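First the structure, in the form of structure tokens, and then the observations on it.
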Amino acid sequence: MMLPACSSKDKEAKKPQTSSQQKAKAPEEMKSIVSDLEMIISELEKKIEAEKASALQQNTKLITQTQQEQQNQQGQGQSQQGQQGQQGQSGQSQQSSSGDQSQAGQQNQMSAWQKEDTSIKNIHRNWNALEPEAIKSGLSTTDRDSFEQALEKLTLAIGKQKKEDSLSAAIEVYGQYANLVKTFTTTVPAEFYQLKYEVMAAVDQAMKKEWMTAQEHIPKIQESWTNLKVKAESKDGKSIDRTEFSIHDLEQALKSEEPDLLMIKAEIVMSNLQKMQKELYKSSGGA
């Protein structure tokens, strides 16, 4: 008695799927989204640092200004009567000049946020192109909604030109981006972006003096690093040790609640991760 031959369909059904069959290759929009997102974060950090520096300088300026005003008042008392007519004309000129300066200030403020405005528009366009592909590749409704909600929050914060709120929102979008990466086959694994998110979120909370919330990211940083190390070790063994030590130092800085020390350690972690990312691209032929 002859056994019935297996059909081609039966063979295909029994054939195990490979990871490449399960996940599609990441579209180019993925790189564009994270590039624009990192641009926004970088620009916001510059704005916040500049504001802090300006506040320190302002204290010195106020002291100098007060001294100068006192000297000017002494000299003005003698010639005040003869200058009344000229002051009337000068007042009209100053009002006109003040109006021009106000308009120029508004234009400068708008141009100062031009990079963020352009980048957020790019993210929306690329997300619109990417969304159908991500859903086909298995992106859950929950993850999709979370990404869109975070992106909307960032868009509104940038529109209102709120620096700190925009930075926090941008970091949150970065965390949601890690979930998008899991949907596709990528050179840089999702754990890499998850680790960067946890580090940035911890530092952001610490800079707001919310140290307990910042310290809650420590076990998440450890977990993300452990998972990333498994995937990256075979491709980039050289940077594993230095990155691991820098992460340990970052965790200690979070526990010490010293903001200056934390910023230094965070910058070292980010620098090491950037080097690791370059090595990952290099090992895959730049794909």
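Simple scheme: letters A, B, ... for chains in structure tokens order, numbers from 1 for residues in each chain, numbers from 1 for ligands in the order shown.
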
Close residues, A:Glu198 itself excluded, 8 Å, only C-alpha atoms, min 5 positions apart in chain, as a PDB file with C-alpha atoms, in the first residue's frame:
```pdb
ATOM      1  CA  GLY A 175      10.834  55.595  23.419  1.00  0.00           C
ATOM      2  CA  HIS A 217      14.924  54.074  35.101  1.00  0.00           C
ATOM      3  CA  LYS A 220      15.241  49.506  32.881  1.00  0.00           C
ATOM      4  CA  ILE A 221      18.655  50.771  31.754  1.00  0.00           C
TER       5      ILE A 221
END
```

- Determine, counting only C-alpha atoms, which protein, DNA and RNA residues have an atom within 12 Å of an atom of A:Glu148; residues of the same chain fewer than 3 positions away are not included. Present the result as a ChimeraX atom specification. /A:123-124,127-128,131,141-145,151-155,169,172-174,176-177,180

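Proximity to A:Thr243 at 7 Å, evaluated using only C-alpha atoms and with sequence-adjacent residues fewer than 3 positions away removed, yields Ser239, Ile240, Ser246, Ile247, Val269 and Asn272 of chain A.
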
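Between A:Ser168 and the candidates A:Leu139, A:Leu228, A:Ile40, A:Met263, the tightest atom-to-atom separation, counting only C-alpha atoms, involves A:Ile40.
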
- Which of A:Ala50, A:Ala134, A:Leu195, A:Ala170 sits closest to A:Asp36 [using only C-alpha atoms]: A:Ala170

- Might you pull out every residue within 7 Å of A:Phe184, with only C-alpha atoms counted and same-chain residues fewer than 2 positions away left off, and present them as a list in words? Lys23, Ala24, Lys25, Ala26, Ser137, Val181, Lys182 and Thr186 of chain A

Got time to write the residues from that selection, N, CA and C atoms, as an mmCIF file, in the first residue's frame?
```cif
data_model
loop_
_atom_site.group_PDB
_atom_site.id
_atom_site.type_symbol
_atom_site.label_atom_id
_atom_site.label_comp_id
_atom_site.auth_asym_id
_atom_site.auth_seq_id
_atom_site.Cartn_x
_atom_site.Cartn_y
_atom_site.Cartn_z
ATOM 1 N N LYS A 23 9.821 39.165 9.544
ATOM 2 C CA LYS A 23 9.889 40.621 9.589
ATOM 3 C C LYS A 23 10.374 41.188 8.263
ATOM 4 N N ALA A 24 9.731 42.254 7.840
ATOM 5 C CA ALA A 24 10.166 42.937 6.622
ATOM 6 C C ALA A 24 11.350 43.839 6.941
ATOM 7 N N LYS A 25 12.134 44.145 5.920
ATOM 8 C CA LYS A 25 13.251 45.070 6.088
ATOM 9 C C LYS A 25 12.703 46.466 6.365
ATOM 10 N N ALA A 26 13.353 47.165 7.261
ATOM 11 C CA ALA A 26 12.883 48.498 7.649
ATOM 12 C C ALA A 26 12.910 49.457 6.469
ATOM 13 N N SER A 137 3.455 44.651 9.038
ATOM 14 C CA SER A 137 4.554 43.887 9.642
ATOM 15 C C SER A 137 4.280 43.501 11.091
ATOM 16 N N VAL A 181 10.842 49.891 15.799
ATOM 17 C CA VAL A 181 12.013 49.151 15.324
ATOM 18 C C VAL A 181 11.810 47.645 15.490
ATOM 19 N N LYS A 182 11.134 47.249 16.560
ATOM 20 C CA LYS A 182 10.885 45.824 16.803
ATOM 21 C C LYS A 182 10.060 45.184 15.696
ATOM 22 N N THR A 186 16.234 45.240 11.287
ATOM 23 C CA THR A 186 17.082 46.430 11.257
ATOM 24 C C THR A 186 18.521 46.077 11.618
#
```

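Across the model, the gap from atom CA of A:Lys115 to atom CA of A:Lys47 is 11.9 Å.
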